[in-house]
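Written below as structure tokens is the structure these notes are about.
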Amino acid sequence: MTDLAAPEKEAVTPVVDIGEVEGLSEKPESFGRQAWDRFRRHKVAIAGAVMLVLIILLFIFAPMFTPYAPDEPNVLERNQGPSLNHPFGTDDLGRDLMARVFTGGRVSLLIAFVVSLLATTLGTLLGAIAGYLGGFTDTAVSQVINLFLAVPLLPVLLVFAVRFGSNPISVALLLSLFLWIRAARVVRGQFLTLKSMEFVQAARAMGAKPMRIIGRHVLPNTLGPILVEATLLAGLAIILESTLSFLGLGVKPPDTSLGVLVDEAKGFITDRPTRILIPGSMITLIVLSINFLGDGLRDALDPTSRVGD
Amino acid sequence: MLAYALRRILQAIPIILLATVIAFFAVTWANGDPRARLATCTTCDESAYDRIVELYELDKPTYQRYVSWLGDVVTGDLGISTSQGERPVNEIFWERFRNTLLLALPAFVIVAVLSLVLSVYQAIKQYSFGDYALSAFSYFGLSMPTFFFGLVLQAIVIQLNNSFGWKFFWTQGLHDENFKELIASITLPVLTLVLISVAGETRFGRASMLEIKNSEYIRTARAKGLSERRVVFRHMLRNALIPLVTIWALDFAALLSGAVITESVFSWPGLGRMLLDGIFATDLDVVMAVVTALSIMAVLFNLFADLLYGVLDPRIRLD
């Protein structure tokens with residue numbers, strides 16, 4: 001900001017220091033810096049980020065401190081409620097549920113991470129190519145996107161899941177196959193708008209090659225929306241994974257995930273509702289923190305679209 | 001308008017066809033051999049295998065089977081269910097469809113009314129306690145998997161039943177002996193469907209209501225000295241309907257396919273259960289019937305939403 005004394009100063013000294021006019025003395029803040037400031041002030045987003053980090057740390061390190069193995073049955077301690085020995089209780093085979101929730105949580109988070117990474121990379125690549133090149137490539141990619149959007153996701157996913165859902169990695173691959181279109185749609189739209197902007201035309205006029213224009217001028221400007229999409233995709237992946245696993249079409253025992261734990265517990269809803277509540281709340285908490293984080297990122301990186309506010 | 005609608009319908013046909021091709025190959029390829037089910041059947045002999053081969057024309061290549069399946073469907077024959085004693089799929093389908101509508105229609109009406117009222121309320125009382133509470137609620141609704149919310153409702157009602165002998169709602173299945181039983185059995189699944197949809201819609205509705213609230217014509221209406229009630233009901237509500245109505249149309253198709261999860265939690269004999277049972281029993285015609293029907297619904301309601309948008313808002317040009 002210009003301080004109010006500036007005009008007076010100008011009048012006294014005839015030689016104007018260019019740095020002191022119109023606030024130019026301040027170095028303009030970079031976009032990243034501004035975005036970080038906006039994100040930092042977004043209380044909900046910070047809460048989401050902190051919660052998510054805590055959960056991830058818990059899932060990674062807690063299994064080292066539990067005395068029980070997640071897959072070790074104990075006939076003497078079956079179907080127990082929460083106690084000091086077993087804070088989350090035990091299941092019908094006497095396995096410690098806390099150890100199982102942590103290992104299941106790891107699997108769910110791993111799937112979310114892989115899906116977010118794969119679907120976003122594939123979507124960005126195809127969306128960028130389609131949006132930048134236009135013509136036949138764009139028509140082809142757009143038609144595939146339209147087809148995916150026209151068909152109801154869940155029923156088709158279920159049909160494919162019979163064959164592909166079984167271990168965590170195959171579930172992650174299957175979900176990526178269906179979710180990349182979300183990232184592709186966003187990136188394609190961004191590329192379509194950006195490629196006709198003046199700074200891109202200028203770069204082209206100066207003889208920049210397409211790869212340089214994409215990598216140096218267009219892609220950096222779409223990183224914000226891509227990051228937001230990647231975050232929200234992780235949340236969606238956790239919901240879809242747990243849903244598939246709950247229906248018996250996703251991760252299957254002996255592998256476990258939070259959805260599998262709920263599925264295993266649904267027969268005990270009358271006697272041990274905590275068996276459903278604990279992994280279920282875990283899923284909700286993780287997705288909630290991811291969504292908070294995603295919305296915070298959206299507000300920070302793209303100040304023009306404030307959906308949640 | 002009419003030309004646009006016709007063109008869109010014509011464009012929708014190849015999409016639906018392509019969807020059925022993909023679904024058909026996925027079903028035959030991913031779901032494996034329908035004869036595998038007979039491996040556990042002790043009373044079946046060689047003729048049972050032959051019957052399945054004959055019904056599904058398993059001796060022919062997949063594309064030929066697709067063509068003959070499509071030919072049957074176009075003439076209104078959805079095929080035969082092998083896991084339900086060779087019952088025609090048409091019969092099963094309409095019965096199950098009716099049951100799904102028993103959940104989807106009431107849920108749809110409640111969602112429509114609630115989302116409209118809540119988003120108008122939130123926009124008018126922006127940053128009030130109620131606004132924050134509702135935003136928090138919709139965050140929760142969007143982050144909670146449908147099956148988990150259904151199970152939580154179920155657990156609560158079961159606990160109430162057991163501790164207080166409080167038997168108002170059924171937690172499993174469809175009971176339609178009389179109207180009272182029917183209401184008692186649809187309440188929990190409908191509530192589950194409502195929560196998930198309302199959460200998404202109020203979030204969207206609130207944002208578009210805020211846009212309307214801050215628009216020039218609302219300021220003009222206020223400047224004319226209209227009463228608050230008239231501004232809200234006559235100027236805001238009517239305009240808020242435009243984005244919401246189109247979301248409702250899309251949501252109805254989503255409710256139908258989203259019912260898969262809810263029906264599974266509440267053992268509801270609808271389309272969703274039909275699909276899951278079909279998938280687990282490798283009942284090809286059953287799976288194809290549900291996937292095709294849901295795809296057609298999705299495409300049609302998508303089109304309907306676009307047309308509605310054009311009718312309601314003359315600023316939108318459809319071409």
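Letters A, B, ... mark the chains of the structure tokens in the order given; residue numbers begin at 1 per chain; ligand numbers begin at 1, in order shown.
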
Mind listing the alpha helix (DSSP H) residues of segment 76-261 of chain A, per DSSP on the backbone, as a ChimeraX atom specification?
/A:97-133,135-150,153-164,168-195,198-205,210-212,219-246,258-261

Quick one: residues within 12 Å of segment 66-76 of chain B, only C-alpha atoms counted, chain neighbours fewer than 4 positions away excluded, as number ranges by chain?
B: 16-18, 20-28, 55-58, 60-62, 80, 88-91, 93, 284-286, 288-289, 292-293

Find the residues in chain A near chain B: any atom within 6 Å counts, using only C-alpha atoms. Write them as a PyMOL selection string.
chain A and resi 150-152+163+239+280+284+287-288

Counting only C-alpha atoms, the residue of A:Pro279, A:Gly89, A:Gly123, A:Gly48 that sits nearest Tyr68 of chain A:
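So, comparing all the options, the nearest one is A:Gly89.
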
For a quick check of understanding, using only C-alpha atoms, which of A:Ser116, A:Thr256, A:Ser196, A:Asn79 has the smallest distance to Pro168 of chain A?
A:Thr256

Compile the contact shell of segment 237-241 of chain B as a short mmCIF file (atom, residue, chain, number, x, y, z; two decimals) with N, CA, C and O atoms, in the first residue's frame: residues with an atom at most 9 Å away, counting only C-alpha atoms, same-chain residues fewer than 5 positions apart removed.
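File written: around13.cif
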data_model
loop_
_atom_site.label_atom_id
_atom_site.label_comp_id
_atom_site.auth_asym_id
_atom_site.auth_seq_id
_atom_site.Cartn_x
_atom_site.Cartn_y
_atom_site.Cartn_z
N LEU B 116 -35.39 -26.61 -1.41
CA LEU B 116 -35.82 -25.25 -1.76
C LEU B 116 -35.92 -24.39 -0.50
O LEU B 116 -35.33 -23.31 -0.42
N SER B 119 -32.41 -23.83 1.20
CA SER B 119 -31.44 -22.95 0.54
C SER B 119 -31.91 -21.50 0.56
O SER B 119 -31.09 -20.59 0.67
N VAL B 120 -33.24 -21.27 0.46
CA VAL B 120 -33.73 -19.90 0.57
C VAL B 120 -33.45 -19.37 1.98
O VAL B 120 -32.93 -18.26 2.15
N GLY B 205 -27.95 -25.12 -3.90
CA GLY B 205 -29.06 -24.17 -3.87
C GLY B 205 -28.69 -22.90 -3.13
O GLY B 205 -29.03 -21.80 -3.56
N SER B 208 -26.55 -20.68 -5.37
CA SER B 208 -27.25 -19.96 -6.44
C SER B 208 -28.25 -18.96 -5.87
O SER B 208 -28.52 -17.94 -6.49
N MET B 209 -28.78 -19.24 -4.67
CA MET B 209 -29.67 -18.26 -4.04
C MET B 209 -28.91 -17.01 -3.64
O MET B 209 -29.42 -15.89 -3.75
N ILE B 212 -28.53 -14.84 -6.56
CA ILE B 212 -29.77 -14.13 -6.87
C ILE B 212 -29.99 -12.99 -5.88
O ILE B 212 -30.35 -11.87 -6.26
N VAL B 231 -40.53 -9.44 -1.92
CA VAL B 231 -39.22 -9.60 -2.55
C VAL B 231 -38.82 -11.07 -2.53
O VAL B 231 -38.41 -11.64 -3.55
N VAL B 232 -38.99 -11.69 -1.36
CA VAL B 232 -38.55 -13.08 -1.23
C VAL B 232 -39.40 -14.01 -2.08
O VAL B 232 -38.88 -14.79 -2.89
N THR B 246 -33.67 -27.92 -12.30
CA THR B 246 -32.82 -28.75 -13.16
C THR B 246 -32.04 -29.75 -12.32
O THR B 246 -31.85 -30.89 -12.72
N LEU B 312 -37.58 -22.60 -18.62
CA LEU B 312 -37.73 -21.74 -17.46
C LEU B 312 -36.96 -20.44 -17.59
O LEU B 312 -37.37 -19.40 -17.10
N ASP B 313 -35.80 -20.51 -18.22
CA ASP B 313 -34.95 -19.34 -18.29
C ASP B 313 -34.72 -18.94 -19.74
O ASP B 313 -33.89 -19.53 -20.43
#

Residues at most 8 Å from Gly131 of chain A, counting only C-alpha atoms, excluding those fewer than 2 positions away in the same chain, as a compact mmCIF listing (two decimals) with N, CA, C and O atoms, in the first residue's frame?
# COMPACT_ATOMS: atom_id res chain seq x y z
N GLY A 127 -7.12 -34.49 -20.71
CA GLY A 127 -7.82 -33.21 -20.76
C GLY A 127 -6.96 -32.15 -21.41
O GLY A 127 -7.44 -31.34 -22.22
N ALA A 128 -5.66 -32.14 -21.09
CA ALA A 128 -4.75 -31.15 -21.64
C ALA A 128 -4.59 -31.34 -23.15
O ALA A 128 -4.69 -30.39 -23.93
N ILE A 129 -4.39 -32.59 -23.55
CA ILE A 129 -4.22 -32.87 -24.98
C ILE A 129 -5.48 -32.46 -25.74
O ILE A 129 -5.42 -31.77 -26.75
N LEU A 133 -5.13 -29.33 -28.25
CA LEU A 133 -5.09 -29.66 -29.67
C LEU A 133 -6.41 -29.38 -30.37
O LEU A 133 -6.43 -28.97 -31.53
N GLY A 134 -7.54 -29.61 -29.66
CA GLY A 134 -8.84 -29.42 -30.30
C GLY A 134 -9.03 -30.43 -31.42
O GLY A 134 -8.38 -31.48 -31.45
N ASP A 138 -9.95 -33.73 -29.57
CA ASP A 138 -10.89 -33.19 -28.60
C ASP A 138 -12.25 -33.87 -28.72
O ASP A 138 -12.85 -34.24 -27.72
N VAL A 187 -9.70 -30.04 -16.54
CA VAL A 187 -8.49 -29.59 -17.22
C VAL A 187 -8.79 -29.16 -18.64
O VAL A 187 -8.29 -28.14 -19.12
N ARG A 188 -9.65 -29.92 -19.33
CA ARG A 188 -10.00 -29.56 -20.70
C ARG A 188 -10.62 -28.17 -20.75
O ARG A 188 -10.26 -27.33 -21.58
N GLY A 189 -11.55 -27.92 -19.83
CA GLY A 189 -12.20 -26.61 -19.78
C GLY A 189 -11.20 -25.50 -19.55
O GLY A 189 -11.22 -24.47 -20.24
N GLN A 190 -10.28 -25.72 -18.62
CA GLN A 190 -9.25 -24.72 -18.32
C GLN A 190 -8.39 -24.46 -19.55
O GLN A 190 -8.09 -23.31 -19.87
N PHE A 191 -7.98 -25.54 -20.23
CA PHE A 191 -7.12 -25.38 -21.40
C PHE A 191 -7.83 -24.63 -22.51
O PHE A 191 -7.23 -23.81 -23.19
N LEU A 192 -9.13 -24.92 -22.69
CA LEU A 192 -9.88 -24.24 -23.73
C LEU A 192 -9.90 -22.74 -23.49
O LEU A 192 -9.74 -21.94 -24.41

List as a list of chain:residue names the protein and nucleic acid residues near Leu97 of chain A, meaning an atom at most 8 Å away when only C-alpha atoms are counted, but skip any in the same chain fewer than 4 places from it.
A:Pro70, A:His86, A:Phe88, A:Gly89, A:Thr90, A:Asp91, A:Val101, A:Arg275

Selected residues written out, C-alpha atoms, as a PDB file, in the first residue's frame:
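Listed below is the output, out_11.pdb:
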ATOM      1  CA  PRO A  70      -4.981 -57.496  13.012  1.00  0.00           C
ATOM      2  CA  HIS A  86      -9.367 -53.916  23.435  1.00  0.00           C
ATOM      3  CA  PHE A  88     -12.548 -50.928  20.078  1.00  0.00           C
ATOM      4  CA  GLY A  89     -13.600 -54.430  21.170  1.00  0.00           C
ATOM      5  CA  THR A  90     -13.068 -57.668  19.293  1.00  0.00           C
ATOM      6  CA  ASP A  91     -14.874 -59.288  16.361  1.00  0.00           C
ATOM      7  CA  VAL A 101      -9.398 -50.496  12.051  1.00  0.00           C
ATOM      8  CA  ARG A 275     -18.466 -52.476  15.540  1.00  0.00           C
TER       9      ARG A 275
END

By how many Å are atom CA of Ser170 of chain A and atom CA of Val114 of chain A apart?
10.6 Å

Tell me which protein, DNA and RNA residues are within 12 Å of Leu160 of chain B, counting only C-alpha atoms, leaving out same-chain ones fewer than 5 positions away, and put them as a CSV table (one decimal) with C-alpha atoms, in the first residue's frame.
chain,number,residue,atom,x,y,z
A,270,THR,CA,-28.2,-55.5,17.4
B,153,LEU,CA,-30.5,-45.2,11.5
B,154,GLN,CA,-31.1,-48.9,11.7
B,155,ALA,CA,-29.0,-49.3,14.8
B,165,GLY,CA,-40.5,-51.8,22.9
B,166,TRP,CA,-40.9,-48.9,20.5
B,167,LYS,CA,-41.9,-50.6,17.2
B,168,PHE,CA,-42.8,-47.8,14.8
B,169,PHE,CA,-40.5,-48.6,11.9
B,170,TRP,CA,-39.4,-51.7,10.1
B,171,THR,CA,-35.7,-52.0,9.7

Residues near segment 31-36 of chain A, cut-off 10 Å, only C-alpha atoms, skip fewer than 5 positions along chain, as a PyMOL selection string
chain A and resi 41-42+224+297-303

Grab the atom CA of Arg51 of chain B to atom CA of Leu271 of chain B distance for me, in Å with one decimal place.
26.0 Å
